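Student: Following this line is protein01.cif, made up of mmCIF, C-alpha atoms:
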data_upload
loop_
_atom_site.label_atom_id
_atom_site.label_comp_id
_atom_site.auth_asym_id
_atom_site.auth_seq_id
_atom_site.Cartn_x
_atom_site.Cartn_y
_atom_site.Cartn_z
CA MET A 1378 27.24 -6.86 -11.51
CA PHE A 1379 29.38 -8.16 -8.70
CA PHE A 1380 30.16 -11.31 -10.63
CA LEU A 1381 31.18 -9.32 -13.64
CA ALA A 1382 33.47 -7.04 -11.72
CA ALA A 1383 35.10 -9.94 -9.96
CA ASP A 1384 35.60 -11.96 -13.12
CA ILE A 1385 37.09 -9.28 -15.35
CA PRO A 1386 40.67 -9.25 -13.99
CA LEU A 1387 40.86 -13.01 -13.93
CA CYS A 1388 39.56 -13.37 -17.45
CA ALA A 1389 41.86 -10.66 -18.76
CA ALA A 1390 44.83 -12.32 -17.11
CA THR A 1391 44.07 -15.70 -18.68
CA HIS A 1392 43.68 -14.13 -22.09
CA LEU A 1393 46.97 -12.32 -21.77
CA TRP A 1394 48.62 -15.58 -20.84
CA HIS A 1395 47.15 -17.35 -23.87
CA LEU A 1396 48.25 -14.59 -26.17
CA LEU A 1397 51.77 -14.78 -24.90
CA LYS A 1398 51.88 -18.54 -25.17
CA VAL A 1399 50.41 -18.88 -28.64
CA PRO A 1400 53.11 -18.39 -31.28
CA GLN A 1401 52.46 -15.59 -33.75
CA LYS A 1402 52.68 -17.97 -36.72
CA LYS A 1403 49.41 -19.63 -35.84
CA ARG A 1404 47.41 -16.56 -36.61
CA HIS A 1405 48.44 -16.57 -40.23
CA LYS A 1406 47.53 -20.01 -41.40
CA ALA A 1407 44.23 -20.63 -43.16
CA PRO A 1408 42.17 -17.98 -41.45
CA ARG A 1409 38.75 -18.94 -42.75
CA GLY A 1410 39.12 -22.67 -42.32
CA GLY A 1411 40.44 -22.13 -38.85
CA ALA A 1412 37.47 -20.07 -37.87
CA ALA A 1413 35.01 -22.57 -39.26
CA GLU A 1414 36.77 -25.43 -37.59
CA GLN A 1415 36.81 -23.68 -34.28
CA ARG A 1416 33.14 -22.91 -34.57
CA ARG A 1417 32.34 -26.47 -35.41
CA ARG A 1418 34.28 -27.79 -32.48
CA GLN A 1419 32.23 -25.80 -30.01
CA PRO A 1420 29.53 -27.80 -28.27
CA ARG A 1421 26.13 -27.06 -29.64
CA PRO A 1422 24.05 -25.12 -27.16
CA ASP A 1423 21.18 -27.13 -25.76
CA TYR A 1424 17.86 -25.80 -26.92
CA GLY A 1425 15.88 -28.47 -25.14
CA GLY A 1426 14.15 -29.22 -28.39
CA GLY A 1427 14.99 -32.77 -29.25
CA PRO A 1428 17.39 -33.84 -31.95
CA THR A 1429 16.75 -30.99 -34.38
CA PRO A 1430 17.86 -27.60 -33.10
CA LEU A 1431 15.15 -24.97 -32.99
CA PHE A 1432 17.24 -22.30 -34.63
CA ASP A 1433 20.38 -22.17 -36.70
CA ASP A 1434 23.18 -20.76 -34.63
CA THR A 1435 23.85 -17.32 -36.05
CA SER A 1436 25.43 -15.86 -32.96
CA SER A 1437 28.97 -16.93 -33.80
CA PRO A 1438 30.36 -13.45 -34.65
CA GLY A 1439 30.44 -13.02 -30.90
CA ASP A 1440 33.16 -15.58 -30.30
CA PRO A 1441 36.75 -14.47 -30.16
CA ALA A 1442 38.25 -16.79 -32.74
CA TYR A 1443 35.89 -15.62 -35.43
CA ASN A 1444 36.44 -11.97 -34.69
CA GLN A 1445 40.14 -12.37 -34.69
CA ASN A 1446 40.44 -14.27 -37.90
CA GLN A 1447 37.85 -12.66 -40.07
CA PRO A 1448 39.51 -9.31 -40.77
CA GLN A 1449 42.86 -11.02 -41.08
CA GLY A 1450 41.62 -13.14 -43.96
CA GLY A 1451 40.25 -10.10 -45.71
CA GLY A 1452 43.45 -8.16 -45.15
CA ALA A 1453 45.68 -10.92 -46.41
CA PHE A 1454 43.52 -11.52 -49.43
CA TYR A 1455 43.25 -7.97 -50.63
CA GLY A 1456 46.66 -6.97 -49.36
CA GLY A 1457 45.35 -3.70 -47.95
CA MET A 1458 47.95 -1.57 -46.24
CA ALA A 1459 45.80 -0.27 -43.41
CA GLY A 1460 44.36 -3.68 -42.67
CA GLN A 1461 47.79 -5.24 -42.42
CA GLN A 1462 48.99 -2.52 -40.15
CA ILE A 1463 46.13 -2.96 -37.73
CA LEU A 1464 46.40 -6.71 -37.77
CA THR A 1465 50.10 -6.92 -37.15
CA ASP A 1466 49.65 -4.70 -34.17
CA PRO A 1467 49.46 -7.08 -31.22
CA MET A 1468 47.81 -4.48 -29.05
CA ALA A 1469 44.81 -4.26 -31.38
CA ASN A 1470 44.43 -8.01 -31.38
CA MET A 1471 44.60 -8.17 -27.66
CA ALA A 1472 42.09 -5.40 -27.23
CA MET A 1473 39.78 -7.11 -29.66
CA GLN A 1474 39.98 -10.40 -27.87
CA TYR A 1475 39.61 -8.75 -24.52
CA GLY A 1476 36.51 -6.88 -25.64
CA SER A 1477 34.82 -9.88 -27.15
CA SER A 1478 35.58 -12.05 -24.15
CA LEU A 1479 34.11 -9.33 -21.96
CA ALA A 1480 30.95 -9.35 -24.04
CA THR A 1481 30.63 -13.12 -23.85
CA GLN A 1482 31.21 -13.02 -20.13
CA GLY A 1483 28.48 -10.44 -19.65
CA LYS A 1484 26.09 -12.40 -21.82
CA ASP A 1485 26.69 -15.55 -19.83
CA VAL A 1486 26.06 -13.80 -16.54
CA MET A 1487 22.89 -12.20 -17.85
CA GLU A 1488 21.59 -15.50 -19.21
CA LYS A 1489 22.26 -17.23 -15.93
CA HIS A 1490 20.30 -14.61 -14.06
CA ILE A 1491 17.38 -14.56 -16.45
CA ASP A 1492 17.30 -18.33 -16.51
CA ARG A 1493 16.41 -18.31 -12.86
CA PHE A 1494 13.06 -16.66 -13.57
CA ILE A 1495 12.11 -17.74 -17.07
CA SER A 1496 13.65 -20.66 -18.81
CA ILE A 1497 15.00 -19.21 -22.02
CA SER A 1498 15.20 -22.55 -23.76
CA LYS A 1499 11.54 -23.17 -23.05
CA LEU A 1500 10.62 -19.77 -24.38
CA LYS A 1501 12.72 -20.35 -27.48
CA TYR A 1502 10.55 -23.32 -28.37
CA TYR A 1503 7.55 -21.06 -28.80
CA PHE A 1504 9.33 -18.77 -31.23
CA ALA A 1505 10.76 -21.46 -33.49
CA VAL A 1506 8.61 -20.57 -36.46
CA ASP A 1507 9.16 -19.91 -40.12
CA THR A 1508 7.19 -18.18 -42.83
CA THR A 1509 5.30 -21.16 -44.15
CA TYR A 1510 4.23 -22.13 -40.65
CA VAL A 1511 2.94 -18.62 -39.93
CA GLY A 1512 1.03 -18.52 -43.19
CA LYS A 1513 -0.50 -21.93 -42.64
CA LYS A 1514 -1.38 -21.16 -39.05
CA LEU A 1515 -3.06 -17.88 -39.97
CA MET A 1516 -5.13 -19.71 -42.57
CA LEU A 1517 -5.97 -22.33 -39.97
CA LEU A 1518 -7.06 -19.68 -37.49
CA LEU A 1519 -9.40 -18.01 -39.94
CA PHE A 1520 -10.64 -21.11 -41.79
CA PRO A 1521 -10.36 -24.04 -39.36
CA TYR A 1522 -13.25 -26.05 -40.72
CA MET A 1523 -11.44 -28.11 -43.34
CA HIS A 1524 -8.56 -29.14 -41.10
CA SER A 1525 -8.80 -32.81 -40.16
CA ASN A 1526 -5.76 -33.81 -38.10
CA TRP A 1527 -5.47 -31.79 -34.90
CA SER A 1528 -3.06 -33.90 -32.89
CA ILE A 1529 0.41 -32.71 -31.98
CA ARG A 1530 3.21 -35.03 -32.94
CA TYR A 1531 5.58 -35.88 -30.13
CA ASN A 1532 9.22 -36.66 -30.47
CA LYS A 1533 10.51 -38.58 -27.45
CA GLU A 1534 8.20 -36.91 -24.95
CA GLU A 1535 9.14 -33.53 -26.41
CA PRO A 1536 6.65 -31.74 -28.62
CA VAL A 1537 7.95 -30.96 -32.07
CA ALA A 1538 8.93 -27.36 -32.79
CA PRO A 1539 6.11 -25.29 -34.28
CA ARG A 1540 7.75 -24.89 -37.63
CA TYR A 1541 7.55 -28.62 -38.22
CA GLU A 1542 4.13 -29.08 -36.70
CA ILE A 1543 1.24 -26.80 -37.52
CA ASN A 1544 -0.85 -27.79 -34.51
CA ALA A 1545 1.79 -26.86 -31.94
CA PRO A 1546 1.17 -23.64 -30.04
CA ASP A 1547 3.58 -20.80 -30.71
CA LEU A 1548 3.94 -17.35 -29.21
CA TYR A 1549 5.17 -15.54 -32.30
CA ILE A 1550 1.74 -15.07 -33.83
CA PRO A 1551 0.10 -13.90 -30.57
CA VAL A 1552 2.83 -11.34 -29.88
CA MET A 1553 2.80 -9.96 -33.40
CA ALA A 1554 -0.99 -9.98 -33.52
CA PHE A 1555 -1.14 -8.14 -30.21
CA VAL A 1556 1.13 -5.37 -31.44
CA THR A 1557 -0.75 -5.17 -34.73
CA TYR A 1558 -4.05 -5.01 -32.89
CA ILE A 1559 -2.83 -2.02 -30.89
CA LEU A 1560 -1.71 -0.26 -34.06
CA VAL A 1561 -4.92 -1.03 -35.93
CA ALA A 1562 -6.90 0.20 -32.96
CA GLY A 1563 -4.91 3.42 -33.09
CA TYR A 1564 -5.67 3.74 -36.78
CA CYS A 1565 -9.37 3.15 -36.13
CA LEU A 1566 -9.35 5.91 -33.56
CA GLY A 1567 -7.48 8.07 -36.05
CA THR A 1568 -10.22 7.69 -38.65
CA GLN A 1569 -12.66 9.00 -36.05
CA ASN A 1570 -10.41 11.98 -35.31
CA SER A 1571 -10.08 10.98 -31.70
CA PHE A 1572 -6.49 9.76 -31.74
CA THR A 1573 -4.01 10.85 -29.14
CA PRO A 1574 -0.68 9.14 -28.47
CA GLU A 1575 -1.70 8.27 -24.92
CA LEU A 1576 -4.60 6.26 -26.27
CA LEU A 1577 -2.18 3.72 -27.75
CA GLY A 1578 -0.70 3.07 -24.34
CA MET A 1579 -4.13 2.83 -22.79
CA GLN A 1580 -5.25 0.34 -25.42
CA ALA A 1581 -2.16 -1.77 -24.87
CA SER A 1582 -2.49 -1.65 -21.10
CA SER A 1583 -6.15 -2.52 -21.18
CA ALA A 1584 -5.72 -5.40 -23.62
CA LEU A 1585 -2.84 -6.73 -21.55
CA VAL A 1586 -4.90 -6.56 -18.37
CA TRP A 1587 -7.74 -8.50 -19.91
CA LEU A 1588 -5.30 -11.11 -21.17
CA ILE A 1589 -3.71 -11.49 -17.74
CA LEU A 1590 -7.12 -11.72 -16.11
CA GLU A 1591 -8.13 -14.40 -18.56
CA ILE A 1592 -5.02 -16.45 -17.89
CA VAL A 1593 -5.42 -16.08 -14.13
CA VAL A 1594 -9.06 -17.10 -14.23
CA ILE A 1595 -8.31 -20.15 -16.35
CA THR A 1596 -5.43 -21.18 -14.12
CA MET A 1597 -7.58 -20.79 -11.01
CA ALA A 1598 -10.35 -22.79 -12.61
CA MET A 1599 -7.91 -25.54 -13.48
CA TYR A 1600 -6.69 -25.60 -9.90
CA ILE A 1601 -10.11 -25.60 -8.29
CA LEU A 1602 -11.45 -28.27 -10.62
CA SER A 1603 -8.22 -30.16 -9.90
CA VAL A 1604 -7.61 -30.65 -13.57
CA ALA A 1605 -4.09 -31.96 -13.84
CA THR A 1606 -2.91 -31.54 -17.40
CA ASP A 1607 0.45 -31.07 -18.98
CA ILE A 1608 -0.70 -27.77 -20.45
CA LYS A 1609 1.71 -25.00 -19.52
CA THR A 1610 1.08 -21.35 -18.89
CA PHE A 1611 2.83 -20.46 -22.13
CA ASP A 1612 0.48 -22.79 -23.99
CA LEU A 1613 -2.47 -21.04 -22.41
CA LEU A 1614 -0.98 -17.69 -23.33
CA ALA A 1615 -0.61 -18.85 -26.92
CA PHE A 1616 -4.16 -20.18 -27.16
CA CYS A 1617 -5.58 -17.02 -25.61
CA GLY A 1618 -3.38 -14.84 -27.78
CA TYR A 1619 -4.62 -16.28 -31.06
CA LYS A 1620 -7.79 -14.26 -30.68
CA TYR A 1621 -5.94 -11.08 -31.63
CA VAL A 1622 -5.67 -12.40 -35.16
CA GLY A 1623 -9.43 -12.55 -35.35
CA MET A 1624 -9.73 -9.15 -33.74
CA ILE A 1625 -7.54 -7.57 -36.39
CA GLY A 1626 -9.80 -9.10 -39.02
CA ILE A 1627 -12.85 -7.75 -37.24
CA LEU A 1628 -11.42 -4.25 -37.00
CA LEU A 1629 -10.45 -4.27 -40.67
CA GLY A 1630 -13.92 -5.46 -41.61
CA GLY A 1631 -15.45 -2.73 -39.51
CA MET A 1632 -13.23 -0.06 -41.03
CA LEU A 1633 -13.78 -1.10 -44.61
CA PHE A 1634 -17.46 -2.02 -44.62
CA GLY A 1635 -18.99 -0.18 -41.68
CA SER A 1636 -21.01 -1.78 -38.95
CA MET A 1637 -22.42 -4.43 -41.28
CA GLY A 1638 -18.93 -5.66 -42.09
CA TYR A 1639 -18.05 -5.46 -38.44
CA TYR A 1640 -20.82 -7.78 -37.39
CA LEU A 1641 -20.20 -10.19 -40.26
CA ALA A 1642 -16.48 -10.37 -39.47
CA LEU A 1643 -17.24 -10.72 -35.78
CA ALA A 1644 -19.56 -13.64 -36.41
CA TRP A 1645 -17.11 -15.38 -38.74
CA CYS A 1646 -14.02 -14.88 -36.59
CA SER A 1647 -15.83 -15.83 -33.40
CA ALA A 1648 -17.09 -19.04 -34.95
CA SER A 1649 -13.65 -19.86 -36.33
CA MET A 1650 -11.91 -19.19 -33.03
CA PHE A 1651 -14.51 -21.20 -31.13
CA PHE A 1652 -14.11 -24.13 -33.48
CA PHE A 1653 -10.33 -23.92 -33.50
CA LEU A 1654 -10.00 -23.82 -29.72
CA LEU A 1655 -12.56 -26.57 -29.21
CA ARG A 1656 -10.72 -28.91 -31.52
CA THR A 1657 -7.25 -28.03 -30.21
CA LEU A 1658 -7.99 -27.93 -26.49
CA ARG A 1659 -10.02 -31.10 -26.61
CA LEU A 1660 -6.84 -32.99 -27.40
CA VAL A 1661 -4.67 -31.03 -24.97
CA ILE A 1662 -6.90 -30.92 -21.90
CA LEU A 1663 -8.81 -34.15 -22.46
CA PRO A 1664 -5.94 -36.50 -23.18
CA ASP A 1665 -7.75 -39.52 -21.76
CA ALA A 1666 -11.06 -38.85 -23.45
CA SER A 1667 -10.72 -41.90 -25.63
CA HIS A 1668 -10.26 -44.61 -23.04
CA ASP A 1669 -11.83 -43.10 -19.93
CA MET A 1670 -15.38 -42.15 -20.69
CA GLY A 1671 -16.50 -43.40 -17.29
CA GLY A 1672 -17.97 -40.02 -16.52
CA SER A 1673 -15.98 -39.22 -13.41
CA GLY A 1674 -16.23 -35.74 -11.94
CA GLY A 1675 -12.83 -34.68 -13.22
CA ASN A 1676 -13.68 -35.47 -16.80
CA LYS A 1677 -16.87 -33.46 -16.66
CA GLY A 1678 -14.92 -30.56 -15.21
CA ARG A 1679 -12.44 -30.81 -18.04
CA THR A 1680 -15.16 -30.71 -20.66
CA TYR A 1681 -16.70 -27.65 -19.08
CA LEU A 1682 -13.28 -26.02 -18.86
CA VAL A 1683 -12.62 -26.52 -22.57
CA LEU A 1684 -16.04 -25.18 -23.37
CA ALA A 1685 -15.57 -22.17 -21.08
CA ILE A 1686 -12.21 -21.26 -22.61
CA ALA A 1687 -13.63 -21.54 -26.11
CA VAL A 1688 -16.68 -19.43 -25.21
CA LEU A 1689 -14.56 -16.80 -23.49
CA GLN A 1690 -12.65 -15.91 -26.65
CA PRO A 1691 -15.55 -14.53 -28.72
CA VAL A 1692 -16.73 -12.56 -25.70
CA PHE A 1693 -13.33 -10.94 -25.35
CA MET A 1694 -13.10 -10.39 -29.09
CA CYS A 1695 -16.37 -8.52 -29.05
CA TRP A 1696 -15.54 -6.62 -25.87
CA LEU A 1697 -12.13 -5.42 -27.04
CA THR A 1698 -13.24 -4.25 -30.48
CA ARG A 1699 -16.71 -2.84 -29.87
CA HIS A 1700 -15.64 0.59 -28.67
CA LEU A 1701 -13.34 1.12 -31.64
CA ILE A 1702 -16.04 0.99 -34.29
CA PRO A 1703 -18.17 4.11 -34.68
CA ASN A 1704 -21.89 3.62 -34.41
CA GLN A 1705 -23.02 4.25 -37.91
CA ASN A 1706 -26.63 4.54 -39.04
CA MET B 742 -12.72 0.22 -20.60
CA ALA B 743 -10.27 2.38 -18.70
CA LEU B 744 -8.70 -0.59 -16.99
CA GLY B 745 -5.00 -0.13 -16.70
CA LEU B 746 -2.26 -2.23 -15.24
CA TYR B 747 -2.34 -0.23 -12.03
CA SER B 748 -6.00 -1.02 -11.46
CA LEU B 749 -5.27 -4.68 -12.05
CA ILE B 750 -2.57 -4.67 -9.40
CA GLU B 751 -4.86 -2.83 -7.02
CA ALA B 752 -7.69 -5.27 -7.65
CA ALA B 753 -5.41 -8.23 -7.11
CA LEU B 754 -4.20 -6.70 -3.86
CA LEU B 755 -7.76 -6.19 -2.65
CA CYS B 756 -8.71 -9.76 -3.56
CA VAL B 757 -5.74 -11.23 -1.74
CA ASN B 758 -6.60 -9.03 1.24
CA ALA B 759 -10.12 -10.36 1.16
CA ILE B 760 -8.90 -13.94 1.23
CA ALA B 761 -6.35 -13.27 3.93
CA VAL B 762 -8.87 -11.66 6.23
CA LEU B 763 -10.97 -14.83 6.51
CA ASN B 764 -10.47 -16.24 9.97
CA GLU B 765 -10.30 -19.96 10.57
CA GLU B 766 -12.05 -20.20 13.97
CA ARG B 767 -14.45 -17.30 13.70
CA PHE B 768 -15.70 -17.75 10.18
CA LEU B 769 -14.57 -20.72 8.15
CA SER B 770 -15.43 -23.41 10.70
CA LYS B 771 -18.96 -22.02 11.08
CA VAL B 772 -19.56 -22.23 7.34
CA GLY B 773 -18.19 -25.73 7.33
CA TRP B 774 -14.98 -24.88 5.54
CA ALA B 775 -12.56 -25.72 8.29
CA THR B 776 -9.36 -27.48 7.42
CA ASP B 777 -10.15 -30.71 9.21
CA THR B 778 -13.12 -31.44 6.99
CA VAL B 779 -10.69 -32.16 4.19
CA SER B 780 -10.83 -35.83 3.37
CA GLY B 781 -7.75 -37.97 3.57
CA PHE B 782 -5.60 -38.73 0.61
CA GLY B 783 -6.16 -41.53 -1.80
CA GLU B 784 -9.29 -40.11 -3.30
CA GLN B 785 -9.53 -37.28 -5.78
CA PRO B 786 -9.68 -33.96 -3.93
CA GLY B 787 -12.99 -32.26 -4.54
CA MET B 788 -13.68 -28.69 -5.48
CA LYS B 789 -14.34 -27.63 -1.90
CA SER B 790 -11.16 -29.03 -0.47
CA GLN B 791 -9.18 -27.36 -3.21
CA ILE B 792 -10.72 -23.99 -2.33
CA ILE B 793 -10.06 -24.53 1.37
CA ASN B 794 -6.50 -25.46 0.59
CA LEU B 795 -6.08 -22.36 -1.52
CA ILE B 796 -7.44 -20.07 1.18
CA ARG B 797 -5.18 -21.59 3.79
CA SER B 798 -2.14 -21.32 1.56
CA VAL B 799 -2.83 -17.70 0.70
CA ARG B 800 -3.24 -16.80 4.35
CA MET B 801 -0.06 -18.57 5.31
CA VAL B 802 2.18 -17.38 2.51
CA MET B 803 0.95 -13.86 1.91
CA ARG B 804 0.76 -12.59 5.50
CA ILE B 805 4.01 -10.65 5.66
CA PRO B 806 4.15 -9.55 2.01
CA LEU B 807 0.62 -8.23 2.36
CA ILE B 808 1.60 -6.03 5.29
CA ILE B 809 4.41 -4.48 3.26
CA VAL B 810 2.46 -4.05 0.04
CA ASN B 811 -0.55 -2.61 1.83
CA THR B 812 1.62 -0.09 3.63
CA ILE B 813 3.22 1.00 0.38
CA THR B 814 -0.15 1.35 -1.31
CA ILE B 815 -1.61 3.38 1.54
CA VAL B 816 1.37 5.72 1.59
CA LEU B 817 1.24 6.15 -2.19
CA LEU B 818 -2.47 6.87 -2.13
CA LEU B 819 -2.04 9.38 0.70
CA LEU B 820 0.73 11.18 -1.14
CA PHE B 821 -0.58 11.19 -4.69
CA GLY B 822 -4.28 10.77 -4.25
#
Would you kindly transcribe this structure into structure tokens?

Tutor:
Amino acid sequence: MFFLAADIPLCAATHLWHLLKVPQKKRHKAPRGGAAEQRRRQPRPDYGGGPTPLFDDTSSPGDPAYNQNQPQGGGAFYGGMAGQQILTDPMANMAMQYGSSLATQGKDVMEKHIDRFISISKLKYYFAVDTTYVGKKLMLLLFPYMHSNWSIRYNKEEPVAPRYEINAPDLYIPVMAFVTYILVAGYCLGTQNSFTPELLGMQASSALVWLILEIVVITMAMYILSVATDIKTFDLLAFCGYKYVGMIGILLGGMLFGSMGYYLALAWCSASMFFFLLRTLRLVILPDASHDMGGSGGNKGRTYLVLAIAVLQPVFMCWLTRHLIPNQN
Amino acid sequence: MALGLYSLIEAALLCVNAIAVLNEERFLSKVGWATDTVSGFGEQPGMKSQIINLIRSVRMVMRIPLIIVNTITIVLLLLFG
């Protein structure tokens, strides 16, 4: 907040100066082309994602040039009286520019401060998904047996964004599946007439705690076994979060077909998740499995770690869904 | 199942307390987990040396934060049960 307060007068002063210096004629020529050109001339923000940007830049309405020129073009084209009046008023223009510059300034300061704790560009990588990727990945999570190529393609030491590479871990599916799981759990409780709004919060809190515990335990195990991999905490979070997809399936099976359906869905989803994680983590955690089968202690530890992570998921899936299904028959 | 975020924080605090309370001369050296048993570098650090390292780091880093957090927790528990 201090930065903001200190920067406002300076920024306002520079903008005033620019407004005074720029001749009025410039605002009237080719409004749309000018805006596009100005947008193109801006340096592309660095997403840290290789040559292809992770997202299309849709944030440009925030920049001053666009805001200033857009209504002008509309006004000049349609010849509206009110529009012209507002636009010829220099005060309105100045206020507009001042406001938008203020917003950009605040955004920059915020981003700088958040960047200190969590790297936004790294987090953006995990959310670079599109619809086809999500559909394919969901199919892969529930039916992983026919998939043959599990390796992640790399592009100059940088993993390819998830929407171009189905095997890359993303965080979009885990987050959405987590929220959906909470809602489905609430619905399950509702069908048993035991729903209260506080229960939703308790479900969310409890599921979150188990997830955190899982991550902490895995990280500790990796440290103690001195397994040095390039797997990041976000990757772990993604791999552990995929189990919520299976849990939603289990809950739906239990709701629709009773306890028989519950156990069938549990068996199927557990097996799929086990298989999926085994195949994926084998390549991530055992990168030197192909050329170093010497049987050193570290390699054995890695194998056990992969196995432990894969076994943990079905246990959690069972544990987090069991209490939501009524004991029929 | 009633495991909320608050219980997680409390459990973590108790675990860190438990690690921090281990004394080097009185306890760890008698079990054979003293720091000087750690082998020199060059070879892959084993499981035991990693654990010893972790314990030592926790005790060193968390000493003052633990005092503060424990005080806050005790006061909160006294006030709100």

Student: Within 10 Å of chain A, which residues of chain B show up when using all atoms listed in the file, listed as a list in words?

Tutor: Met742, Ala743, Leu744, Gly745, Leu746, Tyr747, Ser748, Leu749, Ile750, Ala753, Gln785, Pro786, Gly787, Met788, Lys789, Ser790, Gln791, Ile792, Ile793, Asn794 and Leu795 of chain B

Student: List as a ChimeraX atom specification: which residues have an atom within 10 Å of (-2.1, -14.5, 5.0), counting only C-alpha atoms?

Tutor: /B:757-764,796-808

Student: Given all atoms listed in the file as the basis, pick out the residue of A:Lys1677, A:Phe1651, A:Pro1703, A:Leu1663 nearest to Pro1691 (chain A).

Tutor: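 For Pro1691 (chain A), the nearest of the candidates is A:Phe1651.
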
Student: Can you pull out the residues contacting Leu1566 (chain A)? Cut-off 10 Å, using all atoms listed in the file, and skip same-chain residues under 5 positions away; I want them as a list in words.

Tutor: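 So the residues in contact are Leu1560, Val1561, Ser1571, Phe1572, Thr1573, Leu1576, Leu1577, His1700, Leu1701, Ile1702 and Pro1703 of chain A.
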
Student: Save out the residues we just selected, C-alpha atoms, as a PDB file, in the coordinates of the input.

Tutor:
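Listed below is the output, again.pdb:
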ATOM      1  CA  LEU A1560      -1.710  -0.260 -34.060  1.00  0.00           C
ATOM      2  CA  VAL A1561      -4.920  -1.030 -35.930  1.00  0.00           C
ATOM      3  CA  SER A1571     -10.080  10.980 -31.700  1.00  0.00           C
ATOM      4  CA  PHE A1572      -6.490   9.760 -31.740  1.00  0.00           C
ATOM      5  CA  THR A1573      -4.010  10.850 -29.140  1.00  0.00           C
ATOM      6  CA  LEU A1576      -4.600   6.260 -26.270  1.00  0.00           C
ATOM      7  CA  LEU A1577      -2.180   3.720 -27.750  1.00  0.00           C
ATOM      8  CA  HIS A1700     -15.640   0.590 -28.670  1.00  0.00           C
ATOM      9  CA  LEU A1701     -13.340   1.120 -31.640  1.00  0.00           C
ATOM     10  CA  ILE A1702     -16.040   0.990 -34.290  1.00  0.00           C
ATOM     11  CA  PRO A1703     -18.170   4.110 -34.680  1.00  0.00           C
TER      12      PRO A1703
END

Student: What lies within 12 Å of Gly1630 (chain A) using all atoms listed in the file, ignoring chain neighbours under 2 positions off, as a VMD selection string?

Tutor: chain A and resid 1561 1565 1623 to 1628 1632 to 1646 1698 1701 to 1702
